[in-house]
Amino acid sequence: MVILSLLIVFVNYGFFVQWLQQRKDILSWDNANYYKQAISLSQQGLNGIYNNVLNSTLHSDYSSILAVPIALFMKFFGLSRMLYETVIYWLYMVPAAVFGSTFFTRVLKIKKDKINRCFPALLFLLLFLPSSAISVLSFRVDIAPLALVALIGIYLSFIDLQKFNWRDSFILGLLFLILILLRRWYLYFVISFFLVYWSGFVLKAVIDNKNIKLIFKQLRGITINLFISGITMLGIMATVIAPQFKHTFLVNYTDLYSSYNVGSWGERLTRFVLHFGLLFVIISIIGYVIAIKSQKNKITNLFTFTFVQGVLIFIMFNMTQTFGEHHYYLLVPFVITGLVGLLVYSTKNIAKIGLLVITLVIFIMSHFFLPVNVLQKPITPLILGNSVTFAPPVRHDIKKIQDLNLYLGKHLAKNGGVYVLSSTGFFNGDGLNNVFLPQPSKTLIYQPHDVDKRDGFSPDFFKAQYIIVADPIQLHQGPDNQLLIDLPAEAILAGKVTNLELVKQVSIDNGVKLNVYKRVGKYSYAFFEELKDKISKRYPGYTNIQPIFNSEYVEQKGE
């Protein structure tokens, strides 16, 4: 079992190495965030690392906790992207797969003589599932909390929450707290766990017993234990790390992220199916049906719990915003559990169903060996119904963007900066700033605010010495939700902003042209007022997102 498992891991890693060697892209936003954190931490001493982790954990959605172990490796072995990605693979992805496989072999009570066959099959499934692999390929550490989710599951298999035990409850609360601190949106997993776990016991007690006193007696232990776990988690957050508590629980994310909440419920369900793959979802659902009908009490409870929890997470998250690529890690346990159910319970001959699943996975992963994909269009066969693209992204314009960065740095005044009116994954200010990673950019790049309601209008727009406007305008949320980028970009391209002079134009991939304007003098008061008026009409009541008048960069009324 050990040799076969190691072989599976190294073969899987071979796919990643082959993919990484072909990739030529520009990192930005979430894809670059933890990489930059790891680079920064690797160049700091212990005191600097401590302060960085503390501040980011208290005040940011992106705690640098997960970047610390990576930074330690980079401190000794260099800052390359290949090393960064490799450490994510071995430090986070492999443990998540190993712990997950261990969890299933334990809770499904797989006999010792079958573990040698089941464990490698489960490990293969967890490592090669496209929705797991894609996150590592796009520089995301979001898979790391899944290792903790699996450990929580293993821990629960050793304890009995129906019997009061304050120590077990306290430890469980701490584990949930750590999970939330690693990535804030894993809170959906925690909330759904409490709701489904407790209500499941209530429902079972009501069905099994008609005696009210007996029902309350059965529920007393589970209720007290979950209460202690919840109070432990919330109490520590509200006192020791109060800023993060306010940031996590007291902010109206439904409002701030409303621009990301797009499409009907049917469209959101379609996104889910396409992300994991139509065949994988079908196989998973069949697995749930077979396992739940197995008439084995604990097995039925486990699969029913996971299914209901997955559905609840899907509903709760989509009430706030639409799932992004990395958010789907919340639903990986949901899909995986169904696949495991089919693998273990569909037939006495595990080899046959295992061969089916493994064949499907290999078929998808074989796309690593296809020619590189320039425009990053989905190339997985339609029959698999999967939107994950495995062809490495390859750009031919990286040198042009690097040269643009150098050109701007050369012509900027001492305190001058560049404002980028562009906001797509293809081209944005963060990408222009990261174009030399792991080396930092020497050019001062101002980041436009990407979420109108959350971030407001950036004052850097008016003071920037240069403005870059992409043509066609690049918006990842559409003009209705990114008015603070679309309005000025449209006015500039139309020649309505008279104090901007076009000094350079660069053509990049996908037919996009980057127009570089130099600010000459002040912006007109009429332009400022028009921006303010249109923003007010689009976002009534949101006074905090309005552009702020500054006489140094904007003419006085009547000038």
# chains A, B, ... in the order shown; residues from 1 in each chain; ligands from 1
$ residues_around --residues "Lys442 (chain A)" --least-positions-apart "3" --cutoff "12 Å" --atoms "only C-alpha atoms" --output "ChimeraX atom specification"
/A:402,405-410,412,414,416-418,432-437,439,445
$ write_last_selection --atoms "all heavy atoms" --output "compact mmCIF listing (two decimals), in the first residue's frame"
# COMPACT_ATOMS: atom_id res chain seq x y z
N GLN A 402 6.34 44.03 -19.69
CA GLN A 402 7.55 44.35 -18.91
C GLN A 402 8.18 45.64 -19.42
O GLN A 402 8.58 46.51 -18.64
CB GLN A 402 8.55 43.20 -18.99
CG GLN A 402 8.14 41.96 -18.20
CD GLN A 402 9.12 40.82 -18.38
OE1 GLN A 402 9.80 40.71 -19.40
NE2 GLN A 402 9.18 39.95 -17.39
N ASN A 405 6.20 48.61 -18.28
CA ASN A 405 6.51 48.91 -16.89
C ASN A 405 7.80 49.70 -16.78
O ASN A 405 7.88 50.71 -16.06
CB ASN A 405 6.59 47.61 -16.09
CG ASN A 405 6.80 47.82 -14.60
OD1 ASN A 405 7.79 48.41 -14.19
ND2 ASN A 405 5.89 47.31 -13.79
N LEU A 406 8.83 49.27 -17.50
CA LEU A 406 10.13 49.95 -17.47
C LEU A 406 10.03 51.35 -18.07
O LEU A 406 10.65 52.31 -17.57
CB LEU A 406 11.17 49.13 -18.23
CG LEU A 406 11.54 47.78 -17.61
CD1 LEU A 406 12.45 46.99 -18.55
CD2 LEU A 406 12.23 47.98 -16.26
N TYR A 407 9.27 51.48 -19.16
CA TYR A 407 9.09 52.79 -19.81
C TYR A 407 8.47 53.78 -18.83
O TYR A 407 8.91 54.93 -18.70
CB TYR A 407 8.21 52.61 -21.04
CG TYR A 407 7.69 53.92 -21.62
CD1 TYR A 407 8.46 54.66 -22.52
CD2 TYR A 407 6.43 54.41 -21.26
CE1 TYR A 407 7.97 55.86 -23.04
CE2 TYR A 407 5.95 55.60 -21.77
CZ TYR A 407 6.73 56.33 -22.67
OH TYR A 407 6.26 57.52 -23.17
N LEU A 408 7.42 53.34 -18.14
CA LEU A 408 6.73 54.22 -17.19
C LEU A 408 7.64 54.60 -16.03
O LEU A 408 7.69 55.75 -15.61
CB LEU A 408 5.47 53.52 -16.67
CG LEU A 408 4.36 53.32 -17.71
CD1 LEU A 408 3.32 52.33 -17.19
CD2 LEU A 408 3.71 54.66 -18.05
N GLY A 409 8.39 53.61 -15.53
CA GLY A 409 9.31 53.89 -14.44
C GLY A 409 10.37 54.90 -14.83
O GLY A 409 10.79 55.74 -14.02
N LYS A 410 10.80 54.84 -16.07
CA LYS A 410 11.84 55.75 -16.57
C LYS A 410 11.33 57.18 -16.71
O LYS A 410 12.07 58.15 -16.49
CB LYS A 410 12.35 55.24 -17.92
CG LYS A 410 13.46 56.07 -18.53
CD LYS A 410 13.91 55.48 -19.86
CE LYS A 410 15.01 56.31 -20.49
NZ LYS A 410 15.45 55.74 -21.80
N LEU A 412 8.55 58.52 -15.12
CA LEU A 412 7.83 59.07 -13.98
C LEU A 412 8.66 60.11 -13.24
O LEU A 412 9.89 59.99 -13.14
CB LEU A 412 7.46 57.95 -13.00
CG LEU A 412 6.27 57.06 -13.36
CD1 LEU A 412 6.17 55.90 -12.38
CD2 LEU A 412 4.98 57.87 -13.37
N LYS A 414 9.67 62.07 -9.66
CA LYS A 414 10.15 61.48 -8.40
C LYS A 414 9.01 60.86 -7.59
O LYS A 414 9.14 59.75 -7.08
CB LYS A 414 10.87 62.54 -7.56
CG LYS A 414 11.48 61.98 -6.29
CD LYS A 414 12.25 63.05 -5.54
CE LYS A 414 12.86 62.49 -4.27
NZ LYS A 414 13.62 63.53 -3.50
N GLY A 416 5.85 60.41 -8.84
CA GLY A 416 4.77 60.10 -9.77
C GLY A 416 4.38 58.63 -9.74
O GLY A 416 5.18 57.76 -9.40
N GLY A 417 3.13 58.37 -10.10
CA GLY A 417 2.64 57.01 -10.14
C GLY A 417 1.79 56.76 -11.36
O GLY A 417 1.44 57.68 -12.10
N VAL A 418 1.44 55.48 -11.58
CA VAL A 418 0.66 55.07 -12.74
C VAL A 418 -0.65 54.46 -12.27
O VAL A 418 -0.66 53.55 -11.43
CB VAL A 418 1.43 54.03 -13.58
CG1 VAL A 418 0.61 53.64 -14.82
CG2 VAL A 418 2.80 54.55 -13.98
N LEU A 432 0.35 44.28 -13.83
CA LEU A 432 1.43 45.15 -14.29
C LEU A 432 2.48 45.32 -13.21
O LEU A 432 3.69 45.37 -13.48
CB LEU A 432 0.86 46.52 -14.68
CG LEU A 432 1.86 47.56 -15.17
CD1 LEU A 432 2.56 47.08 -16.45
CD2 LEU A 432 1.17 48.90 -15.42
N ASN A 433 2.03 45.36 -11.96
CA ASN A 433 2.96 45.50 -10.83
C ASN A 433 3.75 44.23 -10.57
O ASN A 433 4.88 44.27 -10.08
CB ASN A 433 2.17 45.88 -9.57
CG ASN A 433 3.05 46.30 -8.43
OD1 ASN A 433 3.92 47.15 -8.58
ND2 ASN A 433 2.84 45.70 -7.28
N ASN A 434 3.17 43.05 -10.93
CA ASN A 434 3.81 41.76 -10.63
C ASN A 434 4.56 41.17 -11.81
O ASN A 434 5.01 40.03 -11.74
CB ASN A 434 2.73 40.74 -10.20
CG ASN A 434 2.01 41.16 -8.95
OD1 ASN A 434 2.55 41.89 -8.14
ND2 ASN A 434 0.77 40.71 -8.80
N VAL A 435 4.70 41.93 -12.88
CA VAL A 435 5.20 41.36 -14.12
C VAL A 435 6.65 40.87 -14.02
O VAL A 435 7.11 40.08 -14.84
CB VAL A 435 5.04 42.38 -15.27
CG1 VAL A 435 6.07 43.49 -15.17
CG2 VAL A 435 5.09 41.68 -16.62
N PHE A 436 7.38 41.33 -12.99
CA PHE A 436 8.77 40.89 -12.81
C PHE A 436 8.94 39.89 -11.67
O PHE A 436 10.07 39.54 -11.31
CB PHE A 436 9.69 42.10 -12.56
CG PHE A 436 9.81 43.03 -13.73
CD1 PHE A 436 9.22 44.29 -13.70
CD2 PHE A 436 10.52 42.64 -14.86
CE1 PHE A 436 9.34 45.15 -14.77
CE2 PHE A 436 10.65 43.50 -15.94
CZ PHE A 436 10.05 44.76 -15.90
N LEU A 437 7.84 39.44 -11.06
CA LEU A 437 7.97 38.50 -9.95
C LEU A 437 8.87 37.32 -10.32
O LEU A 437 8.82 36.82 -11.44
CB LEU A 437 6.58 37.97 -9.55
CG LEU A 437 5.71 38.89 -8.71
CD1 LEU A 437 4.34 38.26 -8.46
CD2 LEU A 437 6.36 39.22 -7.38
N GLN A 439 10.98 39.29 -8.59
CA GLN A 439 11.57 40.59 -8.33
C GLN A 439 10.47 41.65 -8.27
O GLN A 439 9.53 41.61 -9.06
CB GLN A 439 12.58 40.94 -9.43
CG GLN A 439 13.74 39.97 -9.54
CD GLN A 439 14.52 39.86 -8.24
OE1 GLN A 439 14.78 40.86 -7.58
NE2 GLN A 439 14.88 38.64 -7.87
N ILE A 445 2.79 51.63 -9.11
CA ILE A 445 1.53 51.33 -9.79
C ILE A 445 0.39 51.50 -8.80
O ILE A 445 0.35 50.87 -7.75
CB ILE A 445 1.52 49.87 -10.32
CG1 ILE A 445 2.76 49.58 -11.17
CG2 ILE A 445 0.23 49.61 -11.10
CD1 ILE A 445 2.82 50.34 -12.46
$ select_by_dssp --residues "region 387-482 of chain A" --states "strand (DSSP E or B)" --output "PyMOL selection string"
chain A and resi 393-394+418-421+423+428+445-446+466-471+475
$ residues_around --residues "Phe164 (chain A)" --least-positions-apart "4" --cutoff "10 Å" --atoms "only C-alpha atoms" --output "JSON, numbers by chain"
{"A": [160, 168, 169, 220, 221, 222, 223, 224, 225, 226, 228]}
$ residues_around --residues "Leu156 (chain A)" --least-positions-apart "5" --cutoff "10 Å" --atoms "only C-alpha atoms" --output "list of chain:residue names"
A:Phe103, A:Val107, A:Ala150, A:Leu151, A:Leu161, A:Asp168, A:Leu172
$ residues_around --residues "Gly495 (chain A)" --least-positions-apart "5" --cutoff "12 Å" --atoms "only C-alpha atoms" --output "list in words"
Val469, Pro488, Ala489, Glu490, Leu500, Glu501, Leu502, Asn515, Tyr517 and Phe527 of chain A
$ write_last_selection --atoms "N, CA and C atoms" --output "mmCIF file, in the first residue's frame"
data_model
loop_
_atom_site.group_PDB
_atom_site.id
_atom_site.type_symbol
_atom_site.label_atom_id
_atom_site.label_comp_id
_atom_site.auth_asym_id
_atom_site.auth_seq_id
_atom_site.Cartn_x
_atom_site.Cartn_y
_atom_site.Cartn_z
ATOM 1 N N VAL A 469 -5.403 53.121 -19.992
ATOM 2 C CA VAL A 469 -6.778 52.714 -20.284
ATOM 3 C C VAL A 469 -6.741 51.614 -21.336
ATOM 4 N N PRO A 488 -14.713 56.752 -15.967
ATOM 5 C CA PRO A 488 -13.549 57.529 -16.409
ATOM 6 C C PRO A 488 -12.876 56.930 -17.637
ATOM 7 N N ALA A 489 -12.861 55.605 -17.755
ATOM 8 C CA ALA A 489 -12.222 54.974 -18.920
ATOM 9 C C ALA A 489 -12.964 55.354 -20.197
ATOM 10 N N GLU A 490 -14.276 55.324 -20.141
ATOM 11 C CA GLU A 490 -15.089 55.673 -21.314
ATOM 12 C C GLU A 490 -14.883 57.133 -21.711
ATOM 13 N N LEU A 500 -5.449 65.141 -20.391
ATOM 14 C CA LEU A 500 -4.682 63.912 -20.594
ATOM 15 C C LEU A 500 -4.177 63.848 -22.030
ATOM 16 N N GLU A 501 -2.891 63.558 -22.168
ATOM 17 C CA GLU A 501 -2.251 63.507 -23.482
ATOM 18 C C GLU A 501 -1.792 62.074 -23.776
ATOM 19 N N LEU A 502 -2.244 61.509 -24.910
ATOM 20 C CA LEU A 502 -1.858 60.153 -25.292
ATOM 21 C C LEU A 502 -0.386 60.141 -25.700
ATOM 22 N N ASN A 515 -3.681 52.112 -23.902
ATOM 23 C CA ASN A 515 -3.432 53.518 -24.186
ATOM 24 C C ASN A 515 -2.844 54.186 -22.945
ATOM 25 N N TYR A 517 -1.734 57.543 -21.115
ATOM 26 C CA TYR A 517 -1.954 58.989 -21.120
ATOM 27 C C TYR A 517 -1.115 59.641 -20.027
ATOM 28 N N PHE A 527 -15.710 67.711 -15.277
ATOM 29 C CA PHE A 527 -15.453 66.265 -15.338
ATOM 30 C C PHE A 527 -15.634 65.645 -13.955
#
$ atom_distance --atom1 "CA of Gly263 (chain A)" --atom2 "CA of His449 (chain A)"
22.8 Å
$ residues_around --residues "Tyr329 (chain A)" --least-positions-apart "2" --cutoff "9 Å" --atoms "only C-alpha atoms" --output "PDB file with all heavy atoms, in the first residue's frame"
ATOM      1  N   SER A 131     -11.003  19.388  -9.859  1.00  0.00           N
ATOM      2  CA  SER A 131     -11.315  20.548  -9.020  1.00  0.00           C
ATOM      3  C   SER A 131     -10.315  20.719  -7.889  1.00  0.00           C
ATOM      4  O   SER A 131     -10.202  21.799  -7.312  1.00  0.00           O
ATOM      5  CB  SER A 131     -12.724  20.415  -8.441  1.00  0.00           C
ATOM      6  OG  SER A 131     -12.875  19.157  -7.810  1.00  0.00           O
ATOM      7  N   SER A 132      -9.586  19.664  -7.540  1.00  0.00           N
ATOM      8  CA  SER A 132      -8.525  19.788  -6.539  1.00  0.00           C
ATOM      9  C   SER A 132      -7.258  20.313  -7.195  1.00  0.00           C
ATOM     10  O   SER A 132      -6.598  21.218  -6.699  1.00  0.00           O
ATOM     11  CB  SER A 132      -8.236  18.428  -5.886  1.00  0.00           C
ATOM     12  OG  SER A 132      -9.369  17.934  -5.241  1.00  0.00           O
ATOM     13  N   SER A 135      -6.615  24.310  -8.371  1.00  0.00           N
ATOM     14  CA  SER A 135      -6.263  25.361  -7.419  1.00  0.00           C
ATOM     15  C   SER A 135      -4.763  25.479  -7.257  1.00  0.00           C
ATOM     16  O   SER A 135      -4.212  26.575  -7.196  1.00  0.00           O
ATOM     17  CB  SER A 135      -6.908  25.089  -6.061  1.00  0.00           C
ATOM     18  OG  SER A 135      -6.595  26.120  -5.172  1.00  0.00           O
ATOM     19  N   ASP A 142      -5.634  27.610  -1.154  1.00  0.00           N
ATOM     20  CA  ASP A 142      -6.957  27.365  -0.565  1.00  0.00           C
ATOM     21  C   ASP A 142      -7.233  25.896  -0.291  1.00  0.00           C
ATOM     22  O   ASP A 142      -8.192  25.564   0.398  1.00  0.00           O
ATOM     23  CB  ASP A 142      -8.042  27.918  -1.494  1.00  0.00           C
ATOM     24  CG  ASP A 142      -7.819  29.372  -1.817  1.00  0.00           C
ATOM     25  OD1 ASP A 142      -8.084  30.210  -0.952  1.00  0.00           O
ATOM     26  OD2 ASP A 142      -7.352  29.668  -2.929  1.00  0.00           O
ATOM     27  N   ILE A 143      -6.388  25.011  -0.828  1.00  0.00           N
ATOM     28  CA  ILE A 143      -6.578  23.588  -0.563  1.00  0.00           C
ATOM     29  C   ILE A 143      -6.086  23.221   0.840  1.00  0.00           C
ATOM     30  O   ILE A 143      -6.491  22.206   1.404  1.00  0.00           O
ATOM     31  CB  ILE A 143      -5.844  22.730  -1.619  1.00  0.00           C
ATOM     32  CG1 ILE A 143      -6.334  21.275  -1.532  1.00  0.00           C
ATOM     33  CG2 ILE A 143      -4.335  22.833  -1.469  1.00  0.00           C
ATOM     34  CD1 ILE A 143      -5.856  20.402  -2.661  1.00  0.00           C
ATOM     35  N   PRO A 145      -6.739  24.347   3.923  1.00  0.00           N
ATOM     36  CA  PRO A 145      -7.739  24.095   4.967  1.00  0.00           C
ATOM     37  C   PRO A 145      -8.455  22.753   4.819  1.00  0.00           C
ATOM     38  O   PRO A 145      -9.000  22.244   5.803  1.00  0.00           O
ATOM     39  CB  PRO A 145      -8.718  25.262   4.803  1.00  0.00           C
ATOM     40  CG  PRO A 145      -7.890  26.362   4.211  1.00  0.00           C
ATOM     41  CD  PRO A 145      -6.960  25.659   3.278  1.00  0.00           C
ATOM     42  N   LEU A 146      -8.461  22.177   3.607  1.00  0.00           N
ATOM     43  CA  LEU A 146      -9.108  20.878   3.448  1.00  0.00           C
ATOM     44  C   LEU A 146      -8.387  19.796   4.242  1.00  0.00           C
ATOM     45  O   LEU A 146      -9.007  18.819   4.673  1.00  0.00           O
ATOM     46  CB  LEU A 146      -9.168  20.479   1.965  1.00  0.00           C
ATOM     47  CG  LEU A 146     -10.296  21.095   1.143  1.00  0.00           C
ATOM     48  CD1 LEU A 146     -10.332  20.477  -0.246  1.00  0.00           C
ATOM     49  CD2 LEU A 146     -11.638  20.931   1.829  1.00  0.00           C
ATOM     50  N   TYR A 186     -14.232  29.703   4.872  1.00  0.00           N
ATOM     51  CA  TYR A 186     -14.505  28.363   5.399  1.00  0.00           C
ATOM     52  C   TYR A 186     -15.489  28.442   6.573  1.00  0.00           C
ATOM     53  O   TYR A 186     -15.900  27.413   7.109  1.00  0.00           O
ATOM     54  CB  TYR A 186     -13.204  27.679   5.833  1.00  0.00           C
ATOM     55  CG  TYR A 186     -12.554  26.903   4.700  1.00  0.00           C
ATOM     56  CD1 TYR A 186     -11.664  27.524   3.836  1.00  0.00           C
ATOM     57  CD2 TYR A 186     -12.844  25.566   4.496  1.00  0.00           C
ATOM     58  CE1 TYR A 186     -11.075  26.832   2.787  1.00  0.00           C
ATOM     59  CE2 TYR A 186     -12.263  24.856   3.459  1.00  0.00           C
ATOM     60  CZ  TYR A 186     -11.378  25.497   2.602  1.00  0.00           C
ATOM     61  OH  TYR A 186     -10.810  24.792   1.564  1.00  0.00           O
ATOM     62  N   GLU A 325     -13.601  30.155  -8.446  1.00  0.00           N
ATOM     63  CA  GLU A 325     -12.850  28.907  -8.629  1.00  0.00           C
ATOM     64  C   GLU A 325     -12.351  28.341  -7.308  1.00  0.00           C
ATOM     65  O   GLU A 325     -12.492  27.144  -7.025  1.00  0.00           O
ATOM     66  CB  GLU A 325     -11.676  29.178  -9.567  1.00  0.00           C
ATOM     67  CG  GLU A 325     -10.794  27.995  -9.854  1.00  0.00           C
ATOM     68  CD  GLU A 325      -9.607  28.399 -10.696  1.00  0.00           C
ATOM     69  OE1 GLU A 325      -9.728  28.441 -11.928  1.00  0.00           O
ATOM     70  OE2 GLU A 325      -8.545  28.696 -10.119  1.00  0.00           O
ATOM     71  N   HIS A 326     -11.760  29.200  -6.461  1.00  0.00           N
ATOM     72  CA  HIS A 326     -11.183  28.726  -5.202  1.00  0.00           C
ATOM     73  C   HIS A 326     -12.253  28.430  -4.149  1.00  0.00           C
ATOM     74  O   HIS A 326     -12.041  27.583  -3.282  1.00  0.00           O
ATOM     75  CB  HIS A 326     -10.176  29.741  -4.659  1.00  0.00           C
ATOM     76  CG  HIS A 326     -10.693  31.140  -4.544  1.00  0.00           C
ATOM     77  ND1 HIS A 326     -11.285  31.801  -5.592  1.00  0.00           N
ATOM     78  CD2 HIS A 326     -10.718  32.019  -3.500  1.00  0.00           C
ATOM     79  CE1 HIS A 326     -11.644  33.011  -5.213  1.00  0.00           C
ATOM     80  NE2 HIS A 326     -11.332  33.162  -3.946  1.00  0.00           N
ATOM     81  N   HIS A 327     -13.404  29.098  -4.232  1.00  0.00           N
ATOM     82  CA  HIS A 327     -14.461  28.852  -3.249  1.00  0.00           C
ATOM     83  C   HIS A 327     -15.034  27.442  -3.350  1.00  0.00           C
ATOM     84  O   HIS A 327     -15.604  26.926  -2.390  1.00  0.00           O
ATOM     85  CB  HIS A 327     -15.599  29.863  -3.408  1.00  0.00           C
ATOM     86  CG  HIS A 327     -15.183  31.278  -3.203  1.00  0.00           C
ATOM     87  ND1 HIS A 327     -15.498  32.291  -4.090  1.00  0.00           N
ATOM     88  CD2 HIS A 327     -14.454  31.860  -2.222  1.00  0.00           C
ATOM     89  CE1 HIS A 327     -15.005  33.430  -3.656  1.00  0.00           C
ATOM     90  NE2 HIS A 327     -14.363  33.206  -2.535  1.00  0.00           N
ATOM     91  N   LEU A 331     -16.994  22.718  -1.473  1.00  0.00           N
ATOM     92  CA  LEU A 331     -17.851  21.635  -1.944  1.00  0.00           C
ATOM     93  C   LEU A 331     -17.071  20.401  -2.378  1.00  0.00           C
ATOM     94  O   LEU A 331     -17.683  19.412  -2.792  1.00  0.00           O
ATOM     95  CB  LEU A 331     -18.719  22.136  -3.100  1.00  0.00           C
ATOM     96  CG  LEU A 331     -19.693  23.262  -2.739  1.00  0.00           C
ATOM     97  CD1 LEU A 331     -20.437  23.761  -3.972  1.00  0.00           C
ATOM     98  CD2 LEU A 331     -20.689  22.790  -1.686  1.00  0.00           C
ATOM     99  N   VAL A 332     -15.736  20.443  -2.296  1.00  0.00           N
ATOM    100  CA  VAL A 332     -14.942  19.260  -2.628  1.00  0.00           C
ATOM    101  C   VAL A 332     -15.313  18.074  -1.725  1.00  0.00           C
ATOM    102  O   VAL A 332     -15.488  16.952  -2.222  1.00  0.00           O
ATOM    103  CB  VAL A 332     -13.428  19.564  -2.563  1.00  0.00           C
ATOM    104  CG1 VAL A 332     -12.600  18.276  -2.568  1.00  0.00           C
ATOM    105  CG2 VAL A 332     -13.021  20.435  -3.748  1.00  0.00           C
ATOM    106  N   PRO A 333     -15.455  18.257  -0.387  1.00  0.00           N
ATOM    107  CA  PRO A 333     -15.863  17.111   0.443  1.00  0.00           C
ATOM    108  C   PRO A 333     -17.213  16.529   0.019  1.00  0.00           C
ATOM    109  O   PRO A 333     -17.416  15.313   0.080  1.00  0.00           O
ATOM    110  CB  PRO A 333     -15.952  17.713   1.855  1.00  0.00           C
ATOM    111  CG  PRO A 333     -15.019  18.881   1.826  1.00  0.00           C
ATOM    112  CD  PRO A 333     -15.158  19.440   0.441  1.00  0.00           C
TER     113      PRO A 333
END
$ closest_residue --among "A:Phe128, A:Leu148, A:Asn51, A:Val87" --to "Phe99 (chain A)" --atoms "only C-alpha atoms"
A:Leu148
$ select_by_dssp --residues "region 147-370 of chain A" --states "helix (DSSP H, G or I)" --output "ChimeraX atom specification"
/A:147-158,166-182,184-208,212-239,242-249,253-256,258-260,265-276,278-292,297-320,326-345,350-369
$ closest_atom_pairs --of "region 115-175 of chain A" --to "region 2-23 of chain A" --cutoff "9 Å" --atoms "only C-alpha atoms" --output "JSON lines"
{"residue": "A:Asn116", "atom": "CA", "partner": "A:Val2", "partner_atom": "CA", "distance": 8.5}
{"residue": "A:Phe119", "atom": "CA", "partner": "A:Ser5", "partner_atom": "CA", "distance": 7.9}
{"residue": "A:Pro120", "atom": "CA", "partner": "A:Ser5", "partner_atom": "CA", "distance": 5.2}
{"residue": "A:Ala121", "atom": "CA", "partner": "A:Ser5", "partner_atom": "CA", "distance": 8.6}
{"residue": "A:Leu123", "atom": "CA", "partner": "A:Ser5", "partner_atom": "CA", "distance": 7.1}
{"residue": "A:Phe124", "atom": "CA", "partner": "A:Ile8", "partner_atom": "CA", "distance": 6.4}
{"residue": "A:Leu127", "atom": "CA", "partner": "A:Asn12", "partner_atom": "CA", "distance": 7.1}
{"residue": "A:Phe128", "atom": "CA", "partner": "A:Asn12", "partner_atom": "CA", "distance": 7.1}
{"residue": "A:Ala133", "atom": "CA", "partner": "A:Phe16", "partner_atom": "CA", "distance": 8.7}
{"residue": "A:Val136", "atom": "CA", "partner": "A:Phe16", "partner_atom": "CA", "distance": 8.8}
{"residue": "A:Leu137", "atom": "CA", "partner": "A:Phe16", "partner_atom": "CA", "distance": 7.4}
$ residues_around --residues "Phe317 (chain A)" --least-positions-apart "3" --cutoff "10 Å" --atoms "only C-alpha atoms" --output "VMD selection string"
chain A and resid 185 188 to 189 254 261 312 to 314 320 to 323 327 330
$ write_last_selection --atoms "C-alpha atoms" --output "PDB file, in the first residue's frame"
ATOM      1  CA  TRP A 185     -14.980  31.816   3.839  1.00  0.00           C
ATOM      2  CA  TYR A 188     -19.640  28.469   5.696  1.00  0.00           C
ATOM      3  CA  PHE A 189     -18.337  24.970   6.389  1.00  0.00           C
ATOM      4  CA  THR A 254     -24.041  40.231   1.071  1.00  0.00           C
ATOM      5  CA  ASN A 261     -23.726  37.660  -6.900  1.00  0.00           C
ATOM      6  CA  LEU A 312     -26.649  24.051   2.660  1.00  0.00           C
ATOM      7  CA  ILE A 313     -23.183  25.456   1.879  1.00  0.00           C
ATOM      8  CA  PHE A 314     -24.196  25.898  -1.757  1.00  0.00           C
ATOM      9  CA  THR A 320     -23.864  36.216  -0.484  1.00  0.00           C
ATOM     10  CA  GLN A 321     -21.949  35.911  -3.752  1.00  0.00           C
ATOM     11  CA  THR A 322     -21.319  33.544  -6.618  1.00  0.00           C
ATOM     12  CA  PHE A 323     -18.760  30.775  -6.177  1.00  0.00           C
ATOM     13  CA  HIS A 327     -14.461  28.852  -3.249  1.00  0.00           C
ATOM     14  CA  LEU A 330     -16.014  24.196   0.204  1.00  0.00           C
TER      15      LEU A 330
END
$ atom_distance --atom1 "CA of Gly429 (chain A)" --atom2 "CA of Gln447 (chain A)"
5.3 Å
$ closest_residue --among "A:Trp166, A:Phe461, A:Tyr155, A:Phe176" --to "Ile548 (chain A)" --atoms "only C-alpha atoms"
A:Phe461
$ atom_distance --atom1 "CA of Val240 (chain A)" --atom2 "CA of Val68 (chain A)"
21.1 Å
$ closest_residue --among "A:Leu487, A:Ala144, A:Ala464, A:Leu302" --to "Gly521 (chain A)" --atoms "only C-alpha atoms"
A:Ala464
$ closest_residue --among "A:Leu174, A:Gly324, A:Pro243, A:Ser192" --to "Gly230 (chain A)" --atoms "only C-alpha atoms"
A:Leu174
$ closest_residue --among "A:Leu126, A:Asn211, A:Leu182, A:Trp90" --to "Leu339 (chain A)" --atoms "only C-alpha atoms"
A:Leu126
$ closest_residue --among "A:Glu529, A:Ser524, A:Ile473, A:Val202" --to "Leu214 (chain A)" --atoms "only C-alpha atoms"
A:Val202
$ decode --residues "region 212-216 of chain A" --atoms "N, CA and C atoms" --output "PDB file, in the first residue's frame"
ATOM      1  N   ILE A 212     -40.964  12.643  25.033  1.00  0.00           N
ATOM      2  CA  ILE A 212     -40.281  13.940  25.025  1.00  0.00           C
ATOM      3  C   ILE A 212     -39.099  13.954  25.992  1.00  0.00           C
ATOM      4  N   LYS A 213     -39.280  13.400  27.171  1.00  0.00           N
ATOM      5  CA  LYS A 213     -38.190  13.386  28.153  1.00  0.00           C
ATOM      6  C   LYS A 213     -36.998  12.615  27.634  1.00  0.00           C
ATOM      7  N   LEU A 214     -37.258  11.499  26.986  1.00  0.00           N
ATOM      8  CA  LEU A 214     -36.176  10.678  26.440  1.00  0.00           C
ATOM      9  C   LEU A 214     -35.457  11.410  25.309  1.00  0.00           C
ATOM     10  N   ILE A 215     -36.227  12.151  24.505  1.00  0.00           N
ATOM     11  CA  ILE A 215     -35.629  12.935  23.415  1.00  0.00           C
ATOM     12  C   ILE A 215     -34.676  13.989  23.978  1.00  0.00           C
ATOM     13  N   PHE A 216     -35.137  14.714  25.015  1.00  0.00           N
ATOM     14  CA  PHE A 216     -34.286  15.736  25.620  1.00  0.00           C
ATOM     15  C   PHE A 216     -33.048  15.110  26.268  1.00  0.00           C
TER      16      PHE A 216
END
